[in-house]
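Undergrad: Here you go, one structure.
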Amino acid sequence: MKGKRIVNFVFIVFLLLTLHALRITAFAERIKDIATFSGIRENELIGYGLVVGLNGTGDKDGTYIFQPFANMLTRMGISVNAADIKGKTKNIAAVIVTAKLPTMVKPGSKVDVHVSSIGDAKSLQGGTLLMTPLKGPDGNVYAVAQGPVSIGGFLAGGAGAQAIKNHPNTGLVPNGAIVEKEVPVQLNDKNRLDLLLTVPDITTAKKTADRINMGLGGVFAKAEGPSVVSIKVPDAYANRVVDLMSKIELMNVDVDVPARVVINERTGTIVIGDNVTISPITLAHGGLAIEIKVEYEVVQPPPFAPPAAETVIVPKVEMKAEEKKAPLVEVKGTTIGELVKALNVLGVTPKDLVAILQAIKTSGSLKAELVIM
């Protein structure tokens with residue numbers, strides 16, 4: 001009987017420890033979701049191109065297409081003056097072509113490209129992007145784009161009526177660019193890595209470094225500040241840095257979220273973090289509603305009035321002011337749920353809640369950072 005009690009006690013302790021571990025890791029995030037390695041990033045590419053085959057919706061001005069189109073025809077063996085193209089290029093549009101080139105993508109790979117009209121074209125629907133070199137910040141060509149443009153919408157109209165869906169002046173060419181040059185990064189030769197946090201936070205950086213050290217079984221990671229964690233490559237991962245990066249990315253870290261309230265006054269949007277707390281307060285919120293009505297009355301001239309008398313329309317203005325009754329409500333508790341519940345009792349709208357939160361912050365009762373967009 002005594003042995004059975006010991007077994008039950010051990011089982012209960014094990015169950016509690018398991019539940020505690022689950023509670024701890026329930027809100028953990030993978031390192032790959034909160035940080036990136038320095039040097040592993042996308043590279044911006046840009047180019048100037050022409051979209052042809054439009055159904056009369058191309059550039060009318062032609063400032064951006066006359067000379068480039070004439071130059072292109074000249075390279076094809078057709079001698080054309082730029083002045084001769086005026087009024088004959090309704091099916092052509094000048095566009096800016098952009099793409100993102102990932103690191104270490106080999107030549108021959110394909111990436112998506114975006115095209116955006118820079119002239120007065122009405123729509124790129126049905127158009128085809130002509131061969132466009134895409135350059136990096138260093139001026140070198142890293143990819144060449146060409147292909148049919150998909151705009152994901154339409155432009156239709158006639159006889160003074162028009163219907164537009166989405167943005168017909170921008171489009172996508174899926175897999176429209178072929179990589180011609182690689183952005184080289186030698187990862188396996190590195191002896192040190194820098195991990196960059198997406199949201200800088202000193203506590204999260206420290207927890208990340210501790211978690212990496214625990215996973216690697218030694219002191220290899222160090223928090224250099226709120227946004228950088230430096231990692232010394234262990235000898236066991238020499239020339240296998242990619243394997244080390246993969247292992248680190250899959251580690252879970254308890255992310256520390258600051259207490260913050262974000263307010264967008266233009267839209268009335270309010271986002272309140274889970275760690276926001278308040279001290280007990282008493283508040284009242286009311287408003288003055290003013291209603292103004294204007295009615296027009298027709299006034300006729302009286303009998304035997306002078307010939308110059310005319311019928312006139314006289315505005316009649318009525319104004320009514322009403323002040324809403326605002327009860328004095330005591331807000332008890334310290335959680336954000338209790339704060340929202342108490343404010344719902346007042347029947348406040350998001351616009352009212354903006355003013356209330358600002359007042360609570362000024363009083364010192366709101367224990368959070370107030371961010372106004």
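Letters A, B, ... go to the chains of the structure tokens in the order shown; residues in each chain start at 1; ligands are counted from 1 in the same order.
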Would you list, as a compact mmCIF listing (two decimals) with all heavy atoms, in the first residue's frame, the residues of segment 73-233 of chain A that end up in strand (DSSP E or B) under DSSP run on this structure's backbone?

TA:
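After the write, selection.txt holds the following:
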# COMPACT_ATOMS: atom_id res chain seq x y z
N ALA A 93 3.41 50.49 -73.14
CA ALA A 93 3.48 51.22 -71.87
C ALA A 93 4.87 51.07 -71.29
O ALA A 93 5.47 49.98 -71.33
CB ALA A 93 2.44 50.71 -70.88
N ALA A 94 5.40 52.17 -70.76
CA ALA A 94 6.68 52.14 -70.07
C ALA A 94 6.46 51.72 -68.62
O ALA A 94 5.52 52.18 -67.96
CB ALA A 94 7.34 53.51 -70.12
N VAL A 95 7.32 50.83 -68.12
CA VAL A 95 7.14 50.29 -66.76
C VAL A 95 8.48 50.23 -66.05
O VAL A 95 9.54 50.18 -66.69
CB VAL A 95 6.51 48.87 -66.78
CG1 VAL A 95 5.10 48.92 -67.33
CG2 VAL A 95 7.38 47.91 -67.60
N ILE A 96 8.40 50.25 -64.73
CA ILE A 96 9.55 49.95 -63.87
C ILE A 96 9.40 48.51 -63.40
O ILE A 96 8.34 48.12 -62.90
CB ILE A 96 9.62 50.91 -62.68
CG1 ILE A 96 9.99 52.32 -63.16
CG2 ILE A 96 10.62 50.43 -61.65
CD1 ILE A 96 11.39 52.42 -63.74
N VAL A 97 10.44 47.73 -63.58
CA VAL A 97 10.42 46.32 -63.23
C VAL A 97 11.28 46.11 -61.99
O VAL A 97 12.43 46.57 -61.93
CB VAL A 97 10.95 45.46 -64.39
CG1 VAL A 97 10.81 43.97 -64.06
CG2 VAL A 97 10.21 45.79 -65.68
N THR A 98 10.74 45.45 -60.97
CA THR A 98 11.46 45.19 -59.73
C THR A 98 11.39 43.71 -59.39
O THR A 98 10.45 43.00 -59.77
CB THR A 98 10.88 45.99 -58.56
OG1 THR A 98 9.48 45.66 -58.39
CG2 THR A 98 11.01 47.49 -58.80
N ALA A 99 12.40 43.23 -58.68
CA ALA A 99 12.46 41.84 -58.25
C ALA A 99 13.33 41.74 -57.02
O ALA A 99 14.11 42.64 -56.71
CB ALA A 99 13.00 40.95 -59.37
N LYS A 100 13.19 40.63 -56.29
CA LYS A 100 14.00 40.33 -55.11
C LYS A 100 14.81 39.07 -55.40
O LYS A 100 14.25 38.02 -55.69
CB LYS A 100 13.12 40.13 -53.88
CG LYS A 100 12.38 41.39 -53.44
CD LYS A 100 11.56 41.13 -52.18
CE LYS A 100 10.80 42.38 -51.75
NZ LYS A 100 11.69 43.46 -51.32
N LEU A 101 16.14 39.23 -55.31
CA LEU A 101 17.04 38.11 -55.58
C LEU A 101 17.54 37.53 -54.27
O LEU A 101 18.30 38.18 -53.55
CB LEU A 101 18.22 38.59 -56.43
CG LEU A 101 19.27 37.53 -56.80
CD1 LEU A 101 18.65 36.45 -57.68
CD2 LEU A 101 20.45 38.18 -57.49
N LYS A 110 14.75 30.93 -61.51
CA LYS A 110 13.75 31.92 -61.88
C LYS A 110 13.14 32.58 -60.65
O LYS A 110 12.92 31.91 -59.63
CB LYS A 110 12.64 31.29 -62.73
CG LYS A 110 13.13 30.78 -64.09
CD LYS A 110 11.97 30.24 -64.93
CE LYS A 110 12.46 29.79 -66.29
NZ LYS A 110 11.35 29.28 -67.14
N VAL A 111 12.85 33.86 -60.75
CA VAL A 111 12.22 34.61 -59.67
C VAL A 111 11.07 35.43 -60.25
O VAL A 111 11.04 35.72 -61.45
CB VAL A 111 13.22 35.54 -58.95
CG1 VAL A 111 14.29 34.74 -58.25
CG2 VAL A 111 13.85 36.51 -59.93
N ASP A 112 10.11 35.80 -59.38
CA ASP A 112 8.98 36.63 -59.81
C ASP A 112 9.43 38.07 -59.97
O ASP A 112 10.34 38.55 -59.27
CB ASP A 112 7.85 36.56 -58.77
CG ASP A 112 7.29 35.16 -58.64
OD1 ASP A 112 7.50 34.35 -59.55
OD2 ASP A 112 6.65 34.88 -57.60
N VAL A 113 8.76 38.79 -60.86
CA VAL A 113 9.03 40.21 -61.05
C VAL A 113 7.72 40.98 -61.01
O VAL A 113 6.66 40.46 -61.37
CB VAL A 113 9.77 40.50 -62.38
CG1 VAL A 113 11.11 39.82 -62.41
CG2 VAL A 113 8.93 40.07 -63.57
N HIS A 114 7.80 42.23 -60.53
CA HIS A 114 6.65 43.13 -60.49
C HIS A 114 6.87 44.26 -61.49
O HIS A 114 7.99 44.78 -61.60
CB HIS A 114 6.47 43.70 -59.09
CG HIS A 114 6.08 42.68 -58.07
ND1 HIS A 114 4.77 42.41 -57.75
CD2 HIS A 114 6.83 41.85 -57.32
CE1 HIS A 114 4.73 41.46 -56.83
NE2 HIS A 114 5.97 41.10 -56.55
N VAL A 115 5.82 44.62 -62.20
CA VAL A 115 5.89 45.72 -63.17
C VAL A 115 4.90 46.80 -62.74
O VAL A 115 3.80 46.51 -62.28
CB VAL A 115 5.60 45.25 -64.60
CG1 VAL A 115 6.64 44.25 -65.05
CG2 VAL A 115 4.22 44.63 -64.70
N SER A 116 5.31 48.06 -62.88
CA SER A 116 4.47 49.19 -62.49
C SER A 116 4.58 50.27 -63.56
O SER A 116 5.70 50.65 -63.95
CB SER A 116 4.91 49.76 -61.14
OG SER A 116 4.88 48.76 -60.14
N SER A 117 3.45 50.76 -64.04
CA SER A 117 3.43 51.77 -65.09
C SER A 117 3.97 53.09 -64.55
O SER A 117 3.67 53.50 -63.43
CB SER A 117 2.01 51.96 -65.60
OG SER A 117 1.94 53.06 -66.50
N THR A 128 2.58 42.09 -72.58
CA THR A 128 3.75 41.23 -72.44
C THR A 128 4.97 42.10 -72.20
O THR A 128 5.23 43.05 -72.95
CB THR A 128 3.96 40.38 -73.70
OG1 THR A 128 2.82 39.54 -73.91
CG2 THR A 128 5.19 39.50 -73.55
N LEU A 129 5.71 41.77 -71.15
CA LEU A 129 6.93 42.50 -70.84
C LEU A 129 8.05 42.04 -71.77
O LEU A 129 8.33 40.84 -71.88
CB LEU A 129 7.32 42.26 -69.38
CG LEU A 129 8.65 42.87 -68.92
CD1 LEU A 129 8.57 44.38 -68.89
CD2 LEU A 129 9.03 42.33 -67.54
N LEU A 130 8.70 43.00 -72.44
CA LEU A 130 9.84 42.68 -73.28
C LEU A 130 11.10 42.52 -72.44
O LEU A 130 11.15 42.97 -71.30
CB LEU A 130 10.03 43.78 -74.33
CG LEU A 130 8.86 43.97 -75.32
CD1 LEU A 130 9.22 45.05 -76.34
CD2 LEU A 130 8.50 42.67 -76.03
N MET A 131 12.11 41.89 -73.03
CA MET A 131 13.33 41.56 -72.31
C MET A 131 13.90 42.78 -71.60
O MET A 131 14.23 43.79 -72.24
CB MET A 131 14.36 40.99 -73.27
CG MET A 131 15.62 40.47 -72.60
SD MET A 131 16.67 39.52 -73.72
CE MET A 131 16.95 40.72 -75.03
N THR A 132 14.02 42.67 -70.28
CA THR A 132 14.44 43.80 -69.43
C THR A 132 15.58 43.37 -68.52
O THR A 132 15.40 42.48 -67.69
CB THR A 132 13.27 44.30 -68.58
OG1 THR A 132 12.17 44.66 -69.43
CG2 THR A 132 13.68 45.50 -67.75
N PRO A 133 16.75 43.97 -68.64
CA PRO A 133 17.83 43.67 -67.69
C PRO A 133 17.52 44.26 -66.31
O PRO A 133 17.07 45.40 -66.21
CB PRO A 133 19.05 44.36 -68.32
CG PRO A 133 18.67 44.69 -69.72
CD PRO A 133 17.18 44.87 -69.71
N LEU A 134 17.78 43.47 -65.28
CA LEU A 134 17.54 43.92 -63.91
C LEU A 134 18.89 44.07 -63.22
O LEU A 134 19.68 43.12 -63.16
CB LEU A 134 16.66 42.92 -63.16
CG LEU A 134 15.27 42.67 -63.75
CD1 LEU A 134 14.52 41.65 -62.91
CD2 LEU A 134 14.49 43.96 -63.86
N LYS A 135 19.14 45.27 -62.69
CA LYS A 135 20.43 45.59 -62.10
C LYS A 135 20.32 45.72 -60.58
O LYS A 135 19.26 46.06 -60.04
CB LYS A 135 20.97 46.90 -62.69
CG LYS A 135 21.20 46.85 -64.19
CD LYS A 135 21.76 48.17 -64.70
CE LYS A 135 22.02 48.11 -66.20
NZ LYS A 135 22.59 49.39 -66.72
N VAL A 141 24.18 43.59 -63.93
CA VAL A 141 22.95 42.89 -64.29
C VAL A 141 22.95 41.52 -63.62
O VAL A 141 23.87 40.71 -63.84
CB VAL A 141 22.83 42.74 -65.82
CG1 VAL A 141 21.59 41.92 -66.18
CG2 VAL A 141 22.76 44.12 -66.49
N TYR A 142 21.93 41.25 -62.81
CA TYR A 142 21.84 39.98 -62.10
C TYR A 142 20.72 39.09 -62.63
O TYR A 142 20.69 37.90 -62.35
CB TYR A 142 21.59 40.23 -60.60
CG TYR A 142 22.81 40.74 -59.89
CD1 TYR A 142 23.07 42.11 -59.80
CD2 TYR A 142 23.72 39.87 -59.30
CE1 TYR A 142 24.19 42.59 -59.15
CE2 TYR A 142 24.84 40.34 -58.65
CZ TYR A 142 25.08 41.70 -58.57
OH TYR A 142 26.19 42.16 -57.94
N ALA A 143 19.78 39.65 -63.39
CA ALA A 143 18.68 38.85 -63.93
C ALA A 143 18.11 39.56 -65.16
O ALA A 143 18.30 40.77 -65.34
CB ALA A 143 17.58 38.62 -62.89
N VAL A 144 17.42 38.79 -66.00
CA VAL A 144 16.75 39.32 -67.19
C VAL A 144 15.30 38.87 -67.14
O VAL A 144 15.02 37.68 -66.97
CB VAL A 144 17.42 38.84 -68.48
CG1 VAL A 144 16.65 39.34 -69.70
CG2 VAL A 144 18.87 39.31 -68.54
N ALA A 145 14.38 39.83 -67.28
CA ALA A 145 12.95 39.54 -67.13
C ALA A 145 12.24 39.65 -68.47
O ALA A 145 12.57 40.49 -69.31
CB ALA A 145 12.31 40.51 -66.14
N GLN A 146 11.25 38.79 -68.67
CA GLN A 146 10.39 38.83 -69.86
C GLN A 146 9.23 37.88 -69.64
O GLN A 146 9.38 36.84 -69.00
CB GLN A 146 11.17 38.43 -71.11
CG GLN A 146 10.33 38.48 -72.40
CD GLN A 146 11.17 38.29 -73.64
OE1 GLN A 146 11.87 39.20 -74.07
NE2 GLN A 146 11.13 37.08 -74.20
N GLY A 147 8.05 38.25 -70.18
CA GLY A 147 6.91 37.36 -70.09
C GLY A 147 5.59 38.09 -70.00
O GLY A 147 5.54 39.32 -69.89
N PRO A 148 4.47 37.35 -70.04
CA PRO A 148 3.14 37.95 -69.95
C PRO A 148 2.86 38.51 -68.56
O PRO A 148 3.24 37.92 -67.56
CB PRO A 148 2.19 36.79 -70.28
CG PRO A 148 2.96 35.56 -69.94
CD PRO A 148 4.41 35.88 -70.21
N SER A 150 0.43 39.54 -65.52
CA SER A 150 -0.85 39.22 -64.88
C SER A 150 -1.17 40.32 -63.87
O SER A 150 -0.39 40.58 -62.95
CB SER A 150 -0.77 37.87 -64.16
OG SER A 150 -1.94 37.61 -63.41
N PHE A 154 -9.17 44.07 -63.73
CA PHE A 154 -9.59 44.44 -65.08
C PHE A 154 -9.99 45.91 -65.11
O PHE A 154 -10.24 46.53 -64.08
CB PHE A 154 -10.76 43.57 -65.57
CG PHE A 154 -12.01 43.71 -64.75
CD1 PHE A 154 -12.91 44.75 -64.95
CD2 PHE A 154 -12.29 42.78 -63.75
CE1 PHE A 154 -14.06 44.86 -64.19
CE2 PHE A 154 -13.44 42.90 -62.99
CZ PHE A 154 -14.32 43.94 -63.21
N LEU A 155 -10.04 46.43 -66.33
CA LEU A 155 -10.53 47.78 -66.59
C LEU A 155 -11.47 47.67 -67.76
O LEU A 155 -11.09 47.27 -68.86
CB LEU A 155 -9.38 48.74 -66.91
CG LEU A 155 -9.79 50.12 -67.44
CD1 LEU A 155 -10.53 50.90 -66.38
CD2 LEU A 155 -8.58 50.90 -67.93
N ALA A 156 -12.74 48.02 -67.56
CA ALA A 156 -13.74 47.96 -68.62
C ALA A 156 -14.59 49.21 -68.56
O ALA A 156 -14.86 49.75 -67.49
CB ALA A 156 -14.62 46.70 -68.48
N GLY A 157 -15.02 49.67 -69.73
CA GLY A 157 -15.85 50.87 -69.74
C GLY A 157 -16.25 51.26 -71.14
O GLY A 157 -15.79 50.70 -72.14
N GLY A 158 -17.12 52.24 -71.19
CA GLY A 158 -17.60 52.74 -72.46
C GLY A 158 -18.79 53.62 -72.26
O GLY A 158 -19.55 53.48 -71.29
N ALA A 161 -19.19 55.28 -68.87
CA ALA A 161 -19.20 54.42 -67.69
C ALA A 161 -17.91 53.61 -67.65
O ALA A 161 -17.37 53.23 -68.70
CB ALA A 161 -20.41 53.49 -67.70
N GLN A 162 -17.42 53.34 -66.44
CA GLN A 162 -16.17 52.62 -66.31
C GLN A 162 -16.20 51.76 -65.05
O GLN A 162 -16.73 52.18 -64.02
CB GLN A 162 -15.01 53.60 -66.25
CG GLN A 162 -13.64 52.95 -66.33
CD GLN A 162 -12.52 53.97 -66.33
OE1 GLN A 162 -12.24 54.58 -65.30
NE2 GLN A 162 -11.89 54.18 -67.48
N ALA A 163 -15.62 50.56 -65.14
CA ALA A 163 -15.52 49.65 -63.99
C ALA A 163 -14.07 49.22 -63.86
O ALA A 163 -13.45 48.79 -64.84
CB ALA A 163 -16.42 48.43 -64.18
N ILE A 164 -13.55 49.32 -62.64
CA ILE A 164 -12.15 48.97 -62.37
C ILE A 164 -12.11 48.03 -61.19
O ILE A 164 -12.77 48.26 -60.18
CB ILE A 164 -11.30 50.22 -62.08
CG1 ILE A 164 -11.31 51.18 -63.26
CG2 ILE A 164 -9.87 49.82 -61.74
CD1 ILE A 164 -10.56 52.46 -62.99
N LYS A 165 -11.33 46.96 -61.31
CA LYS A 165 -11.10 46.04 -60.19
C LYS A 165 -9.60 45.97 -59.93
O LYS A 165 -8.80 45.79 -60.84
CB LYS A 165 -11.63 44.65 -60.51
CG LYS A 165 -11.42 43.65 -59.37
CD LYS A 165 -11.92 42.27 -59.74
CE LYS A 165 -11.68 41.29 -58.60
NZ LYS A 165 -12.14 39.92 -58.93
N THR A 170 -0.47 47.98 -62.31
CA THR A 170 0.63 47.18 -61.78
C THR A 170 0.33 45.71 -62.04
O THR A 170 -0.84 45.32 -62.16
CB THR A 170 0.82 47.39 -60.27
OG1 THR A 170 -0.38 46.97 -59.58
CG2 THR A 170 1.10 48.85 -59.95
N GLY A 171 1.37 44.91 -62.15
CA GLY A 171 1.15 43.50 -62.44
C GLY A 171 2.33 42.65 -62.01
O GLY A 171 3.34 43.14 -61.51
N LEU A 172 2.18 41.36 -62.20
CA LEU A 172 3.18 40.36 -61.79
C LEU A 172 3.48 39.46 -62.97
O LEU A 172 2.58 39.07 -63.72
CB LEU A 172 2.65 39.54 -60.62
CG LEU A 172 3.51 38.36 -60.15
CD1 LEU A 172 4.77 38.86 -59.45
CD2 LEU A 172 2.71 37.45 -59.22
N VAL A 173 4.75 39.14 -63.13
CA VAL A 173 5.18 38.14 -64.11
C VAL A 173 5.74 36.96 -63.31
O VAL A 173 6.89 37.01 -62.86
CB VAL A 173 6.24 38.69 -65.08
CG1 VAL A 173 6.59 37.64 -66.12
CG2 VAL A 173 5.73 39.96 -65.74
N PRO A 174 4.94 35.92 -63.07
CA PRO A 174 5.42 34.79 -62.26
C PRO A 174 6.61 34.11 -62.92
O PRO A 174 6.58 33.79 -64.12
CB PRO A 174 4.20 33.87 -62.19
CG PRO A 174 3.02 34.73 -62.54
CD PRO A 174 3.54 35.75 -63.48
N ASN A 175 7.67 33.90 -62.13
CA ASN A 175 8.90 33.29 -62.65
C ASN A 175 9.36 33.99 -63.93
O ASN A 175 9.85 33.35 -64.87
CB ASN A 175 8.70 31.79 -62.92
CG ASN A 175 8.50 31.00 -61.65
OD1 ASN A 175 9.06 31.33 -60.61
ND2 ASN A 175 7.66 29.98 -61.72
N GLY A 176 9.20 35.29 -63.95
CA GLY A 176 9.46 36.05 -65.17
C GLY A 176 10.90 36.46 -65.36
O GLY A 176 11.23 37.00 -66.42
N ALA A 177 11.77 36.26 -64.39
CA ALA A 177 13.17 36.67 -64.52
C ALA A 177 14.08 35.45 -64.34
O ALA A 177 13.89 34.65 -63.43
CB ALA A 177 13.51 37.73 -63.49
N ILE A 178 15.05 35.34 -65.22
CA ILE A 178 16.05 34.28 -65.13
C ILE A 178 17.32 34.87 -64.54
O ILE A 178 17.82 35.90 -65.01
CB ILE A 178 16.35 33.68 -66.52
CG1 ILE A 178 15.07 33.07 -67.11
CG2 ILE A 178 17.45 32.63 -66.44
CD1 ILE A 178 15.27 32.51 -68.50
N VAL A 179 17.81 34.26 -63.47
CA VAL A 179 19.00 34.74 -62.78
C VAL A 179 20.22 34.52 -63.67
O VAL A 179 20.43 33.41 -64.18
CB VAL A 179 19.17 34.04 -61.42
CG1 VAL A 179 20.45 34.50 -60.73
CG2 VAL A 179 17.96 34.30 -60.54
N ARG A 192 32.10 32.85 -37.26
CA ARG A 192 31.26 33.66 -36.37
C ARG A 192 29.99 34.04 -37.12
O ARG A 192 30.01 34.36 -38.30
CB ARG A 192 32.00 34.93 -35.94
CG ARG A 192 31.23 35.82 -34.98
CD ARG A 192 32.08 37.02 -34.58
NE ARG A 192 31.41 37.90 -33.64
CZ ARG A 192 30.61 38.91 -34.00
NH1 ARG A 192 30.40 39.17 -35.28
NH2 ARG A 192 30.04 39.67 -33.08
N LEU A 193 28.87 33.98 -36.41
CA LEU A 193 27.56 34.33 -36.97
C LEU A 193 26.93 35.43 -36.13
O LEU A 193 27.14 35.49 -34.91
CB LEU A 193 26.64 33.12 -36.99
CG LEU A 193 27.06 31.92 -37.85
CD1 LEU A 193 26.13 30.75 -37.62
CD2 LEU A 193 27.09 32.30 -39.32
N ASP A 194 26.18 36.28 -36.80
CA ASP A 194 25.40 37.32 -36.12
C ASP A 194 23.93 37.06 -36.37
O ASP A 194 23.49 36.98 -37.52
CB ASP A 194 25.78 38.72 -36.62
CG ASP A 194 27.13 39.17 -36.10
OD1 ASP A 194 27.50 38.74 -34.99
OD2 ASP A 194 27.81 39.94 -36.79
N LEU A 195 23.18 36.95 -35.28
CA LEU A 195 21.73 36.73 -35.35
C LEU A 195 21.04 38.06 -35.08
O LEU A 195 21.25 38.68 -34.04
CB LEU A 195 21.31 35.67 -34.33
CG LEU A 195 19.92 35.05 -34.48
CD1 LEU A 195 19.83 34.27 -35.79
CD2 LEU A 195 19.64 34.12 -33.30
N LEU A 196 20.21 38.49 -36.03
CA LEU A 196 19.55 39.79 -35.94
C LEU A 196 18.09 39.60 -35.57
O LEU A 196 17.33 38.94 -36.30
CB LEU A 196 19.65 40.54 -37.28
CG LEU A 196 21.05 40.65 -37.89
CD1 LEU A 196 20.99 41.39 -39.22
CD2 LEU A 196 22.01 41.35 -36.92
N LEU A 197 17.67 40.16 -34.43
CA LEU A 197 16.27 40.05 -33.99
C LEU A 197 15.39 40.97 -34.82
O LEU A 197 15.74 42.12 -35.08
CB LEU A 197 16.15 40.41 -32.51
CG LEU A 197 16.88 39.51 -31.51
CD1 LEU A 197 16.57 39.95 -30.10
CD2 LEU A 197 16.49 38.06 -31.70
N ALA A 221 27.20 31.64 -27.56
CA ALA A 221 26.38 32.79 -27.97
C ALA A 221 26.42 33.87 -26.90
O ALA A 221 26.53 33.58 -25.70
CB ALA A 221 24.94 32.35 -28.21
N LYS A 222 26.35 35.11 -27.36
CA LYS A 222 26.40 36.25 -26.45
C LYS A 222 25.53 37.36 -27.01
O LYS A 222 25.62 37.68 -28.19
CB LYS A 222 27.84 36.75 -26.29
CG LYS A 222 27.98 37.97 -25.40
CD LYS A 222 29.42 38.43 -25.34
CE LYS A 222 29.56 39.69 -24.50
NZ LYS A 222 30.97 40.18 -24.47
N ALA A 223 24.68 37.94 -26.16
CA ALA A 223 23.83 39.07 -26.57
C ALA A 223 24.68 40.33 -26.62
O ALA A 223 25.21 40.77 -25.60
CB ALA A 223 22.66 39.23 -25.61
N VAL A 228 21.17 42.18 -31.58
CA VAL A 228 22.20 41.31 -32.14
C VAL A 228 22.64 40.28 -31.11
O VAL A 228 22.91 40.61 -29.95
CB VAL A 228 23.43 42.12 -32.61
CG1 VAL A 228 24.49 41.18 -33.19
CG2 VAL A 228 23.03 43.16 -33.64
N VAL A 229 22.71 39.02 -31.56
CA VAL A 229 23.27 37.92 -30.78
C VAL A 229 24.42 37.34 -31.59
O VAL A 229 24.21 36.82 -32.69
CB VAL A 229 22.22 36.84 -30.47
CG1 VAL A 229 22.86 35.68 -29.72
CG2 VAL A 229 21.07 37.43 -29.65
N SER A 230 25.64 37.45 -31.08
CA SER A 230 26.80 36.90 -31.77
C SER A 230 27.02 35.46 -31.36
O SER A 230 26.83 35.10 -30.19
CB SER A 230 28.05 37.74 -31.47
OG SER A 230 28.36 37.68 -30.08
N ILE A 231 27.41 34.63 -32.32
CA ILE A 231 27.57 33.20 -32.09
C ILE A 231 28.93 32.77 -32.63
O ILE A 231 29.24 32.98 -33.81
CB ILE A 231 26.46 32.38 -32.78
CG1 ILE A 231 25.08 32.89 -32.35
CG2 ILE A 231 26.61 30.89 -32.48
CD1 ILE A 231 23.95 32.33 -33.19
N LYS A 232 29.74 32.17 -31.78
CA LYS A 232 31.02 31.60 -32.20
C LYS A 232 30.77 30.17 -32.67
O LYS A 232 30.15 29.37 -31.97
CB LYS A 232 32.01 31.61 -31.04
CG LYS A 232 33.37 31.04 -31.39
CD LYS A 232 34.29 31.03 -30.19
CE LYS A 232 35.64 30.41 -30.55
NZ LYS A 232 36.55 30.36 -29.38

Undergrad: When DSSP is applied to the backbone of this structure, which of segment 148-281 of chain A are assigned alpha helix (DSSP H)? Write them out as a PyMOL selection string.

TA: chain A and resi 202-216+241-249

Undergrad: Contacts of Pro68 of chain A at 10 Å or less, counting only C-alpha atoms, minus same-chain residues fewer than 4 places along, as a list in words?

TA: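 Here the answer would be Tyr48, Gly49, Leu50, Thr63, Tyr64, Met72, Leu73, Thr74, Ala82 and Ala94 of chain A.
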
Undergrad: Would you save the residues from that selection as a short mmCIF file (atom, residue, chain, number, x, y, z; two decimals), in the first residue's frame, using N, CA and C atoms?

TA:
data_model
loop_
_atom_site.label_atom_id
_atom_site.label_comp_id
_atom_site.auth_asym_id
_atom_site.auth_seq_id
_atom_site.Cartn_x
_atom_site.Cartn_y
_atom_site.Cartn_z
N TYR A 48 14.25 49.14 -66.24
CA TYR A 48 13.25 49.87 -67.04
C TYR A 48 12.85 48.99 -68.21
N GLY A 49 11.53 48.84 -68.45
CA GLY A 49 11.08 47.97 -69.52
C GLY A 49 9.88 48.50 -70.25
N LEU A 50 9.48 47.78 -71.28
CA LEU A 50 8.32 48.12 -72.09
C LEU A 50 7.35 46.95 -72.09
N THR A 63 6.31 60.08 -73.56
CA THR A 63 7.60 60.65 -73.18
C THR A 63 8.60 59.57 -72.81
N TYR A 64 8.11 58.49 -72.15
CA TYR A 64 9.01 57.45 -71.67
C TYR A 64 9.22 56.31 -72.66
N MET A 72 15.19 50.14 -79.53
CA MET A 72 15.00 48.69 -79.59
C MET A 72 14.81 48.23 -81.04
N LEU A 73 14.01 48.96 -81.81
CA LEU A 73 13.80 48.60 -83.21
C LEU A 73 15.09 48.73 -84.01
N THR A 74 15.91 49.74 -83.66
CA THR A 74 17.19 49.92 -84.36
C THR A 74 18.10 48.73 -84.12
N ALA A 82 12.57 58.54 -83.49
CA ALA A 82 11.65 58.64 -82.36
C ALA A 82 10.47 59.53 -82.68
N ALA A 94 5.40 52.17 -70.76
CA ALA A 94 6.68 52.14 -70.07
C ALA A 94 6.46 51.72 -68.62
#

Undergrad: Identify which of the residues A:Pro200, A:Gly77, A:Pro234, A:Pro301 lies closest to Asn213 of chain A, counting only C-alpha atoms when measuring atom-to-atom distances.

TA: A:Pro234

Undergrad: Report as a short mmCIF file (atom, residue, chain, number, x, y, z; two decimals) with C-alpha atoms, in the first residue's frame all protein, DNA and RNA residues lying within 7 Å of segment 349-366 of chain A, evaluated on only C-alpha atoms, omitting residues in the same chain fewer than 6 positions from it.

TA:
data_model
loop_
_atom_site.label_atom_id
_atom_site.label_comp_id
_atom_site.auth_asym_id
_atom_site.auth_seq_id
_atom_site.Cartn_x
_atom_site.Cartn_y
_atom_site.Cartn_z
CA ILE A 263 -3.52 53.59 -31.32
CA GLY A 268 -9.96 54.30 -34.62
CA THR A 269 -7.93 51.06 -34.40
CA THR A 277 -1.82 46.53 -16.64
CA ILE A 278 -3.52 49.45 -14.91
CA SER A 279 -3.85 50.74 -11.39
#

Undergrad: Between A:Thr89, A:Thr203, A:Gln125, A:Ser109, which one has atoms that come closest to Phe66 of chain A, using only C-alpha atoms?

TA: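 Of A:Thr89, A:Thr203, A:Gln125, A:Ser109, the one nearest Phe66 of chain A, counting only C-alpha atoms, is A:Thr89.
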
Undergrad: How many Å separate atom CA of Arg260 of chain A from atom CA of Thr208 of chain A?

TA: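 We find that atom CA of Arg260 of chain A and atom CA of Thr208 of chain A lie 21.6 Å from each other.
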
Undergrad: Rounded to one decimal in Å, what is the spacing between atom CA of Val51 of chain A and atom CA of Ala70 of chain A?

TA: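 The value is 14.3 Å.
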
Undergrad: Closest to Asn264 of chain A among A:Lys90, A:Ile248, A:Ile372, A:Gly108, using only C-alpha atoms?

TA: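 Residue with the minimum atom-to-atom distance to Asn264 of chain A: A:Ile372.
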
Undergrad: Atom CA of Val233 of chain A and atom CA of Glu182 of chain A are how many Å apart?

TA: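 If I compute the distance from atom CA of Val233 of chain A to atom CA of Glu182 of chain A, I get 25.4 Å.
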